[in-house]
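**Q** Below you'll find my_file-v8.cif; it's mmCIF, C-alpha atoms.
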```cif
data_upload
#
loop_
_atom_site.label_atom_id
_atom_site.label_comp_id
_atom_site.auth_asym_id
_atom_site.auth_seq_id
_atom_site.Cartn_x
_atom_site.Cartn_y
_atom_site.Cartn_z
CA MET S 1341 113.05 -18.32 -75.96
CA SER S 1342 114.89 -15.12 -76.82
CA GLU S 1343 115.75 -12.28 -74.42
CA GLU S 1344 114.20 -9.98 -77.07
CA PHE S 1345 110.89 -11.23 -75.68
CA VAL S 1346 111.49 -9.43 -72.35
CA GLN S 1347 111.36 -5.71 -73.19
CA PRO S 1348 108.05 -5.55 -75.07
CA LEU S 1349 106.45 -7.65 -72.31
CA LEU S 1350 107.73 -5.32 -69.57
CA GLN S 1351 106.68 -2.18 -71.48
CA TRP S 1352 103.19 -3.57 -71.93
CA TYR S 1353 102.91 -4.56 -68.27
CA ARG S 1354 104.05 -1.21 -66.90
CA ALA S 1355 101.60 0.64 -69.14
CA ASN S 1356 98.61 -1.68 -68.60
CA LYS S 1357 98.91 -3.45 -65.23
CA ARG S 1358 95.83 -3.59 -63.06
CA ILE S 1359 95.76 -1.66 -59.79
CA LEU S 1360 95.53 -4.29 -57.05
CA PRO S 1361 95.56 -3.80 -53.26
CA TRP S 1362 98.66 -5.96 -52.82
CA ARG S 1363 100.60 -4.79 -55.88
CA ASP S 1364 103.57 -2.37 -55.70
CA LYS S 1365 103.42 -2.27 -51.90
CA ASN S 1366 106.95 -3.65 -51.32
CA ASN S 1367 105.45 -5.88 -48.64
CA ALA S 1368 106.42 -9.55 -48.61
CA TYR S 1369 103.53 -10.43 -46.27
CA TYR S 1370 101.01 -8.89 -48.68
CA THR S 1371 102.57 -10.79 -51.58
CA TRP S 1372 102.37 -14.06 -49.67
CA VAL S 1373 98.76 -13.62 -48.51
CA SER S 1374 97.54 -12.57 -51.96
CA GLU S 1375 99.31 -15.40 -53.77
CA ILE S 1376 97.81 -18.04 -51.48
CA MET S 1377 94.34 -16.52 -51.89
CA LEU S 1378 94.70 -16.34 -55.67
CA GLN S 1379 95.55 -20.03 -56.12
CA GLN S 1380 91.93 -21.05 -56.72
CA THR S 1381 90.06 -17.74 -56.86
CA ARG S 1382 89.72 -14.91 -59.38
CA VAL S 1383 91.43 -11.57 -58.73
CA GLU S 1384 88.20 -9.57 -58.45
CA ALA S 1385 86.78 -12.03 -55.93
CA VAL S 1386 89.96 -11.99 -53.83
CA LYS S 1387 90.16 -8.19 -53.37
CA PRO S 1388 87.63 -7.84 -50.49
CA TYR S 1389 88.91 -11.00 -48.78
CA PHE S 1390 92.49 -9.72 -48.94
CA THR S 1391 91.56 -6.32 -47.53
CA ARG S 1392 89.57 -7.87 -44.69
CA PHE S 1393 92.33 -10.36 -43.88
CA VAL S 1394 95.25 -7.89 -43.73
CA THR S 1395 93.14 -5.37 -41.81
CA GLU S 1396 92.49 -7.96 -39.09
CA LEU S 1397 95.89 -9.68 -39.38
CA PRO S 1398 98.36 -7.05 -40.64
CA ASP S 1399 101.59 -9.00 -40.17
CA VAL S 1400 103.20 -12.35 -39.47
CA ASN S 1401 102.88 -12.00 -35.67
CA ALA S 1402 99.15 -11.31 -35.86
CA LEU S 1403 98.63 -14.34 -38.11
CA ALA S 1404 100.72 -16.60 -35.87
CA GLU S 1405 98.72 -15.64 -32.78
CA CYS S 1406 95.22 -15.59 -34.29
CA PRO S 1407 92.65 -17.95 -32.66
CA GLU S 1408 91.63 -20.70 -35.07
CA GLU S 1409 87.93 -19.84 -35.18
CA LYS S 1410 88.67 -16.22 -36.09
CA LEU S 1411 91.22 -17.36 -38.69
CA LEU S 1412 88.75 -19.71 -40.38
CA LYS S 1413 86.01 -17.06 -40.29
CA LEU S 1414 88.33 -14.59 -42.05
CA TRP S 1415 88.97 -17.22 -44.72
CA GLU S 1416 85.30 -18.17 -45.09
CA GLY S 1417 84.26 -18.15 -48.75
CA LEU S 1418 87.72 -18.81 -50.17
CA GLY S 1419 87.58 -22.60 -49.66
CA TYR S 1420 90.59 -24.91 -49.27
CA TYR S 1421 90.85 -24.10 -45.55
CA SER S 1422 94.01 -26.21 -45.22
CA ARG S 1423 95.80 -23.34 -46.97
CA VAL S 1424 95.10 -20.81 -44.25
CA ARG S 1425 95.97 -23.37 -41.59
CA ASN S 1426 99.29 -23.94 -43.38
CA MET S 1427 99.79 -20.16 -43.49
CA GLN S 1428 99.42 -19.98 -39.74
CA GLN S 1429 101.90 -22.83 -39.28
CA ALA S 1430 104.34 -20.99 -41.56
CA ALA S 1431 103.81 -17.78 -39.57
CA ILE S 1432 104.67 -19.67 -36.38
CA GLN S 1433 107.83 -20.97 -38.08
CA MET S 1434 108.78 -17.40 -39.06
CA LYS S 1435 108.14 -16.13 -35.55
CA GLU S 1436 110.38 -18.83 -34.09
CA LYS S 1437 113.17 -18.77 -36.69
CA TYR S 1438 113.14 -15.57 -38.75
CA ASP S 1439 112.17 -12.73 -36.41
CA SER S 1440 108.57 -12.78 -37.70
CA ARG S 1441 109.63 -11.99 -41.29
CA LEU S 1442 109.44 -13.89 -44.54
CA PRO S 1443 113.07 -14.85 -45.16
CA GLU S 1444 114.89 -13.17 -48.05
CA ASP S 1445 116.05 -16.50 -49.40
CA TYR S 1446 114.28 -18.70 -51.96
CA SER S 1447 115.33 -22.01 -50.39
CA LEU S 1448 114.27 -20.86 -46.91
CA LEU S 1449 110.90 -19.73 -48.26
CA LEU S 1450 110.46 -23.24 -49.71
CA SER S 1451 111.04 -24.71 -46.24
CA LEU S 1452 107.94 -22.96 -44.85
CA LYS S 1453 104.67 -24.85 -44.46
CA GLY S 1454 102.42 -24.59 -47.53
CA ILE S 1455 104.90 -22.66 -49.70
CA GLY S 1456 105.83 -24.36 -52.96
CA SER S 1457 108.05 -23.29 -55.83
CA TYR S 1458 105.51 -20.89 -57.35
CA THR S 1459 104.68 -19.02 -54.12
CA ALA S 1460 108.35 -18.93 -53.08
CA GLY S 1461 109.27 -17.57 -56.51
CA ALA S 1462 106.57 -14.91 -56.35
CA ILE S 1463 107.63 -13.70 -52.88
CA ALA S 1464 111.34 -13.84 -53.67
CA SER S 1465 111.08 -11.99 -56.98
CA ILE S 1466 108.30 -9.48 -56.21
CA ALA S 1467 109.19 -8.58 -52.64
CA TYR S 1468 112.94 -9.15 -52.60
CA GLY S 1469 114.10 -8.76 -56.22
CA ILE S 1470 115.60 -12.26 -56.40
CA PRO S 1471 115.72 -13.50 -60.03
CA VAL S 1472 113.80 -16.76 -59.72
CA PRO S 1473 110.76 -17.88 -61.78
CA ALA S 1474 107.17 -17.93 -60.48
CA VAL S 1475 105.27 -20.37 -62.68
CA ASP S 1476 101.52 -20.54 -62.05
CA GLY S 1477 98.72 -21.75 -64.33
CA ASN S 1478 98.70 -18.50 -66.27
CA VAL S 1479 102.44 -18.73 -66.98
CA LEU S 1480 102.18 -22.40 -67.94
CA ARG S 1481 99.45 -21.54 -70.46
CA VAL S 1482 101.41 -18.62 -71.94
CA MET S 1483 104.60 -20.64 -72.26
CA THR S 1484 103.01 -23.74 -73.79
CA ARG S 1485 101.35 -21.54 -76.43
CA ILE S 1486 104.48 -19.56 -77.17
CA THR S 1487 106.53 -22.75 -77.66
CA GLU S 1488 103.71 -25.03 -78.91
CA ASN S 1489 104.66 -27.50 -76.21
CA PRO S 1490 102.55 -30.69 -76.53
CA GLU S 1491 103.32 -32.06 -73.04
CA ASP S 1492 100.61 -32.48 -70.42
CA ILE S 1493 100.40 -29.22 -68.46
CA MET S 1494 99.73 -31.15 -65.23
CA LYS S 1495 103.08 -32.97 -65.30
CA PRO S 1496 105.66 -31.67 -62.80
CA SER S 1497 108.36 -32.28 -65.42
CA LEU S 1498 106.80 -29.65 -67.71
CA ARG S 1499 106.70 -27.09 -64.90
CA LYS S 1500 110.38 -27.71 -64.16
CA LYS S 1501 111.24 -27.34 -67.85
CA ILE S 1502 109.39 -24.03 -68.10
CA GLU S 1503 110.96 -22.77 -64.85
CA GLN S 1504 114.36 -23.44 -66.42
CA GLU S 1505 113.42 -21.65 -69.65
CA ILE S 1506 112.31 -18.58 -67.68
CA LEU S 1507 115.38 -18.66 -65.47
CA GLU S 1508 117.50 -18.19 -68.60
CA ILE S 1509 115.77 -14.94 -69.63
CA ILE S 1510 114.44 -13.38 -66.39
CA PRO S 1511 115.93 -9.89 -66.00
CA LYS S 1512 118.09 -9.58 -62.90
CA ASP S 1513 117.17 -5.93 -62.38
CA CYS S 1514 113.37 -6.42 -62.29
CA PRO S 1515 112.44 -10.10 -61.80
CA GLY S 1516 109.26 -9.19 -59.92
CA ASP S 1517 107.92 -7.07 -62.77
CA PHE S 1518 108.77 -9.82 -65.25
CA ASN S 1519 106.99 -12.55 -63.27
CA GLN S 1520 103.95 -10.35 -62.71
CA ALA S 1521 103.94 -9.43 -66.41
CA MET S 1522 103.80 -13.11 -67.35
CA MET S 1523 100.95 -13.73 -64.91
CA GLU S 1524 99.11 -10.63 -66.10
CA LEU S 1525 99.49 -11.66 -69.74
CA GLY S 1526 97.87 -15.01 -68.97
CA ALA S 1527 95.12 -13.44 -66.88
CA VAL S 1528 93.93 -10.73 -69.29
CA VAL S 1529 95.24 -11.52 -72.79
CA CYS S 1530 96.29 -15.17 -73.18
CA VAL S 1531 93.13 -16.17 -71.35
CA PRO S 1532 92.14 -19.70 -70.25
CA ASN S 1533 88.56 -19.83 -71.50
CA GLY S 1534 87.51 -18.58 -74.90
CA GLN S 1535 89.67 -17.13 -77.61
CA PRO S 1536 92.95 -15.48 -76.53
CA LYS S 1537 93.25 -11.80 -77.47
CA CYS S 1538 96.24 -12.32 -79.75
CA GLU S 1539 95.84 -8.90 -81.39
CA GLU S 1540 96.51 -7.29 -77.98
CA CYS S 1541 99.49 -9.47 -77.11
CA PRO S 1542 102.80 -7.60 -76.73
CA VAL S 1543 104.79 -10.73 -77.61
CA GLN S 1544 102.68 -12.04 -80.48
CA ASN S 1545 105.70 -12.07 -82.79
CA PHE S 1546 107.36 -14.65 -80.55
CA CYS S 1547 104.33 -16.95 -80.17
CA MET S 1548 104.41 -20.11 -82.28
CA ALA S 1549 100.77 -21.03 -81.54
CA GLY S 1550 99.66 -17.52 -82.50
CA LEU S 1551 101.64 -17.55 -85.73
CA HIS S 1552 100.35 -21.02 -86.65
CA LYS S 1553 96.75 -20.32 -85.51
CA THR S 1554 96.88 -23.26 -83.09
CA THR S 1555 96.22 -21.51 -79.75
CA GLU S 1556 93.10 -23.59 -79.11
CA LYS S 1557 95.28 -26.73 -78.96
CA TYR S 1558 97.35 -25.47 -76.03
CA PRO S 1559 97.85 -26.14 -73.23
CA VAL S 1560 97.45 -29.89 -73.52
CA LYS S 1561 95.72 -31.39 -70.49
CA ALA S 1562 95.05 -35.08 -69.92
CA PRO S 1563 91.38 -35.90 -69.15
CA LYS S 1564 90.52 -35.80 -65.45
CA LYS S 1565 89.26 -38.86 -63.65
CA PRO S 1566 85.52 -38.64 -63.03
CA ARG S 1567 84.53 -37.33 -59.59
CA ASN S 1568 82.79 -39.51 -57.05
CA ILE S 1569 79.14 -38.49 -56.72
CA GLU S 1570 77.67 -38.33 -53.20
CA ASN S 1571 73.98 -37.67 -52.52
CA ARG S 1572 73.35 -35.82 -49.25
CA THR S 1573 70.43 -34.31 -47.37
CA VAL S 1574 71.10 -31.07 -45.50
CA PHE S 1575 68.98 -29.86 -42.57
CA VAL S 1576 68.34 -26.29 -41.47
CA ILE S 1577 66.84 -27.04 -38.05
CA ARG S 1578 65.64 -23.95 -36.20
CA ASP S 1579 63.67 -22.87 -33.18
CA GLY S 1580 62.69 -19.25 -32.65
CA GLU S 1581 66.21 -18.01 -31.97
CA SER S 1582 68.87 -20.43 -33.13
CA THR S 1583 69.93 -22.88 -35.83
CA ALA S 1584 71.53 -26.26 -35.19
CA ILE S 1585 75.13 -26.57 -36.40
CA ARG S 1586 77.93 -28.94 -35.56
CA LYS S 1587 81.70 -29.11 -35.94
CA ARG S 1588 83.18 -31.52 -38.48
CA PRO S 1589 85.94 -33.96 -37.47
CA SER S 1590 89.47 -32.58 -37.13
CA LYS S 1591 90.68 -34.63 -40.12
CA GLY S 1592 89.32 -35.23 -43.59
CA LEU S 1593 87.12 -33.15 -45.88
CA LEU S 1594 86.35 -29.65 -44.48
CA ALA S 1595 88.22 -30.61 -41.31
CA GLY S 1596 87.33 -28.70 -38.18
CA LEU S 1597 84.76 -26.41 -39.83
CA TYR S 1598 81.14 -25.93 -38.81
CA GLU S 1599 78.32 -27.41 -40.87
CA LEU S 1600 74.60 -27.78 -41.01
CA PRO S 1601 73.54 -31.29 -39.93
CA ASN S 1602 73.48 -33.58 -42.95
CA THR S 1603 73.38 -37.22 -43.85
CA GLU S 1604 74.03 -39.51 -46.79
CA GLY S 1605 71.32 -40.06 -49.38
CA HIS S 1606 68.29 -38.04 -50.47
CA LEU S 1607 65.69 -38.37 -47.71
CA SER S 1608 61.96 -38.09 -48.25
CA ARG S 1609 59.87 -35.61 -46.24
CA GLU S 1610 58.83 -38.37 -43.84
CA GLU S 1611 62.42 -39.56 -43.43
CA ALA S 1612 63.55 -35.98 -42.77
CA LEU S 1613 61.00 -35.64 -39.97
CA LYS S 1614 62.20 -38.93 -38.46
CA TYR S 1615 65.78 -37.60 -38.62
CA ALA S 1616 64.74 -34.60 -36.50
CA GLU S 1617 62.81 -36.84 -34.12
CA SER S 1618 65.88 -39.09 -33.76
CA MET S 1619 67.66 -36.03 -32.32
CA ASN S 1620 64.90 -35.88 -29.65
CA LEU S 1621 63.39 -32.79 -31.29
CA GLU S 1622 59.72 -31.96 -31.82
CA PRO S 1623 59.12 -30.82 -35.44
CA LEU S 1624 56.45 -28.15 -35.89
CA TYR S 1625 56.93 -27.29 -39.56
CA ILE S 1626 58.89 -28.66 -42.53
CA GLN S 1627 59.73 -27.07 -45.86
CA GLU S 1628 61.56 -28.74 -48.72
CA LEU S 1629 64.47 -26.61 -49.96
CA PRO S 1630 65.90 -26.37 -53.49
CA GLN S 1631 68.45 -28.89 -54.65
CA ALA S 1632 72.07 -27.79 -54.86
CA LYS S 1633 75.47 -29.21 -55.70
CA HIS S 1634 79.02 -28.48 -54.66
CA ILE S 1635 82.15 -29.66 -56.44
CA PHE S 1636 85.30 -30.52 -54.52
CA SER S 1637 88.53 -31.68 -56.19
CA HIS S 1638 87.54 -35.35 -56.33
CA ILE S 1639 83.97 -35.43 -54.97
CA GLU S 1640 80.70 -33.86 -56.03
CA TRP S 1641 77.94 -33.42 -53.48
CA ARG S 1642 74.40 -33.45 -54.88
CA MET S 1643 72.21 -32.12 -52.12
CA THR S 1644 68.60 -31.76 -51.21
CA GLY S 1645 67.56 -29.90 -48.09
CA TYR S 1646 64.82 -29.32 -45.53
CA LEU S 1647 64.04 -26.40 -43.27
CA ILE S 1648 62.56 -27.80 -40.07
CA ARG S 1649 61.10 -25.60 -37.33
CA VAL S 1650 61.19 -27.31 -33.92
CA SER S 1651 59.68 -26.35 -30.56
CA SER S 1652 63.07 -26.04 -28.86
CA LEU S 1653 66.59 -27.00 -29.89
CA GLU S 1654 67.54 -27.37 -26.24
CA GLN S 1655 65.57 -30.60 -26.13
CA THR S 1656 68.11 -32.36 -28.34
CA ASP S 1657 70.36 -35.06 -27.00
CA ALA S 1658 72.35 -35.31 -30.24
CA ARG S 1659 76.08 -35.12 -29.59
CA GLY S 1660 78.06 -32.15 -30.85
CA ILE S 1661 75.08 -29.94 -31.72
CA LEU S 1662 75.55 -26.20 -31.13
CA PHE S 1663 72.80 -23.59 -31.14
CA ALA S 1664 74.00 -20.72 -33.34
CA LYS S 1665 72.11 -17.46 -33.11
CA LYS S 1666 71.91 -15.43 -36.33
CA LYS S 1667 74.56 -12.89 -35.30
CA GLU S 1668 76.93 -15.63 -34.10
CA SER S 1669 76.65 -17.54 -37.37
CA GLU S 1670 77.56 -14.39 -39.29
CA GLN S 1671 80.47 -13.31 -37.08
CA LYS S 1672 81.89 -16.37 -35.35
CA TYR S 1673 81.30 -19.70 -37.05
CA ALA S 1674 83.00 -20.50 -40.37
CA ILE S 1675 80.52 -22.49 -42.45
CA PRO S 1676 82.06 -23.59 -45.76
CA SER S 1677 80.63 -22.60 -49.13
CA ALA S 1678 79.59 -26.22 -49.72
CA PHE S 1679 76.52 -25.32 -47.63
CA GLY S 1680 76.11 -21.89 -49.20
CA ALA S 1681 72.79 -22.71 -50.87
CA TYR S 1682 71.27 -23.43 -47.44
CA VAL S 1683 72.99 -20.94 -45.13
CA ARG S 1684 70.58 -18.16 -46.10
CA TYR S 1685 67.71 -20.14 -44.56
CA MET S 1686 69.45 -19.71 -41.19
CA LYS S 1687 68.62 -16.00 -41.41
CA GLU S 1688 65.21 -15.82 -43.09
CA GLU S 1689 62.00 -15.40 -41.19
CA ILE S 1690 60.04 -18.66 -40.93
CA LYS S 1691 56.45 -19.46 -40.06
#
```
Transcribe the structure of this file into structure tokens.
**A**
Amino acid sequence: MSEEFVQPLLQWYRANKRILPWRDKNNAYYTWVSEIMLQQTRVEAVKPYFTRFVTELPDVNALAECPEEKLLKLWEGLGYYSRVRNMQQAAIQMKEKYDSRLPEDYSLLLSLKGIGSYTAGAIASIAYGIPVPAVDGNVLRVMTRITENPEDIMKPSLRKKIEQEILEIIPKDCPGDFNQAMMELGAVVCVPNGQPKCEECPVQNFCMAGLHKTTEKYPVKAPKKPRNIENRTVFVIRDGESTAIRKRPSKGLLAGLYELPNTEGHLSREEALKYAESMNLEPLYIQELPQAKHIFSHIEWRMTGYLIRVSSLEQTDARGILFAKKKESEQKYAIPSAFGAYVRYMKEEIK
């Protein structure tokens, strides 16, 4: 790649960049929080989560000292809860070693829990002006199209190669703007789904895929292994005031989060009633709920559900069951989006 590529990209970015609540704030903490949130979520979706999070936890100290239940509730809806747990561990590291600040050193940033080369590069370049690359999925896509690179985009060796290519041209006086310009280009012009907007691209003259009309071939991605399918039945078990929830194990999928009671397989209406009775509950009313599915990285849950009204949840002898009142479920307990199709039945009026 030529250094001539840099100036038109920067001019385009400075004239067209989106206004974002974490952008141009000169705040390393904001950069860090936003980059972790953006790893699996669209920018528009992240905005309200980011604002809520930094309002409640405005700095490293506040994050380090936050009770876990509050922390998970603030993250609710973003998924991948291990990321926010890693953030808290990193905040504790910073409190102990770096005076509650993100260190102004790329290698030290890499030593923090949950911070990889991309996040370290983003913080170092955007917040501290250190000329290091920040290669995310958007940048990988842009670079493979510009160079018509046929390698599998998921291979770490390709990422390292692209990091090296960017390191050779990244401007030392504004590395943060350059990295953000590359990300922005991939997010709004050289888009992942559908036809890229080549006519709007500030670096179209440097793009081999654009010149050769081969953009649809890049990036190259090896086929994913099929996900494991799991059938589950989810229960919204309620009395007049509360809904039954329970805490998941501390390790494994959705570790330590709260969930609606559920079990393997798709149960019939009669089997669902027996499930409630096995918890020493007296069912008064049952309603079949719509089917739903949730996709994790390697597993897909295909769910059916039942709303069961019982005489009193306090009769249950089932271990680990909590009685969540409506207000508590909204403000205190983090219930993952996997159960999103059924959470609304915790709040609706029932017969």
**Q** What's around range 1430-1446 of chain S at 10 Å? Count only C-alpha atoms, leave out sequence neighbours fewer than 2 positions away in its own chain, and write the answer as a CSV table (one decimal) with C-alpha atoms, in the frame of the given file.
**A**
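Final file, selection.csv:
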```
chain,number,residue,atom,x,y,z
S,1367,ASN,CA,105.4,-5.9,-48.6
S,1368,ALA,CA,106.4,-9.6,-48.6
S,1369,TYR,CA,103.5,-10.4,-46.3
S,1372,TRP,CA,102.4,-14.1,-49.7
S,1399,ASP,CA,101.6,-9.0,-40.2
S,1400,VAL,CA,103.2,-12.4,-39.5
S,1401,ASN,CA,102.9,-12.0,-35.7
S,1402,ALA,CA,99.2,-11.3,-35.9
S,1403,LEU,CA,98.6,-14.3,-38.1
S,1404,ALA,CA,100.7,-16.6,-35.9
S,1405,GLU,CA,98.7,-15.6,-32.8
S,1424,VAL,CA,95.1,-20.8,-44.2
S,1425,ARG,CA,96.0,-23.4,-41.6
S,1426,ASN,CA,99.3,-23.9,-43.4
S,1427,MET,CA,99.8,-20.2,-43.5
S,1428,GLN,CA,99.4,-20.0,-39.7
S,1448,LEU,CA,114.3,-20.9,-46.9
S,1449,LEU,CA,110.9,-19.7,-48.3
S,1450,LEU,CA,110.5,-23.2,-49.7
S,1451,SER,CA,111.0,-24.7,-46.2
S,1452,LEU,CA,107.9,-23.0,-44.8
S,1453,LYS,CA,104.7,-24.8,-44.5
S,1454,GLY,CA,102.4,-24.6,-47.5
S,1455,ILE,CA,104.9,-22.7,-49.7
S,1457,SER,CA,108.0,-23.3,-55.8
S,1459,THR,CA,104.7,-19.0,-54.1
S,1460,ALA,CA,108.4,-18.9,-53.1
S,1461,GLY,CA,109.3,-17.6,-56.5
S,1462,ALA,CA,106.6,-14.9,-56.4
S,1463,ILE,CA,107.6,-13.7,-52.9
S,1464,ALA,CA,111.3,-13.8,-53.7
S,1465,SER,CA,111.1,-12.0,-57.0
S,1467,ALA,CA,109.2,-8.6,-52.6
S,1468,TYR,CA,112.9,-9.2,-52.6
S,1469,GLY,CA,114.1,-8.8,-56.2
S,1470,ILE,CA,115.6,-12.3,-56.4
S,1471,PRO,CA,115.7,-13.5,-60.0
S,1472,VAL,CA,113.8,-16.8,-59.7
```
**Q** Please determine, counting only C-alpha atoms, which residue among S:Lys1410, S:Lys1387, S:Arg1588, S:Lys1672 has the shortest atom-to-atom distance to Leu1360 in chain S.
**A** S:Lys1387
**Q** Could you tell me which residues the PyMOL selection byres ((chain S and resi 1386) around 10) returns for this structure, as JSON, numbers by chain?
**A** {"S": [1361, 1374, 1375, 1377, 1378, 1380, 1381, 1382, 1383, 1384, 1385, 1387, 1388, 1389, 1390, 1391, 1417, 1418]}
**Q** Point out the residue among S:Gln1379, S:Gly1477, S:Glu1344, S:Thr1656 with the least atom-to-atom distance to Tyr1615 in chain S, counting only C-alpha atoms.
**A**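 Ranking S:Gln1379, S:Gly1477, S:Glu1344, S:Thr1656 by distance to Tyr1615 in chain S, first place goes to S:Thr1656.
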**Q** Would you mind reading off the distance between CA of Arg1481 in chain S and CA of Gln1351 in chain S, one decimal, in Å?
**A**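 CA of Arg1481 in chain S sits 20.7 Å away from CA of Gln1351 in chain S.
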**Q** Pull out every residue that the PyMOL selection byres ((chain S and resi 1495-1498) around 12) matches in the shown coordinates and put them as a list in words.
**A**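 Here the PyMOL selection byres ((chain S and resi 1495-1498) around 12) matches Ser1457, Val1475, Asp1476, Gly1477, Val1479, Leu1480, Arg1481, Met1483, Thr1484, Asn1489, Pro1490, Glu1491, Asp1492, Ile1493, Met1494, Arg1499, Lys1500, Lys1501, Ile1502, Glu1503, Gln1504, Glu1505, Pro1559, Val1560, Lys1561 and Ala1562 of chain S.
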**Q** Please determine, counting all atoms listed in the file, which residue among S:Ala1616, S:Cys1530, S:Met1522, S:Ile1635 has the shortest atom-to-atom distance to Pro1566 in chain S.
**A** S:Ile1635
**Q** Report, in Å to a single decimal, how far apart CA of Ile1376 in chain S and CA of Ile1675 in chain S are.
**A**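 Rounded to one decimal, the two atoms are 20.0 Å apart.
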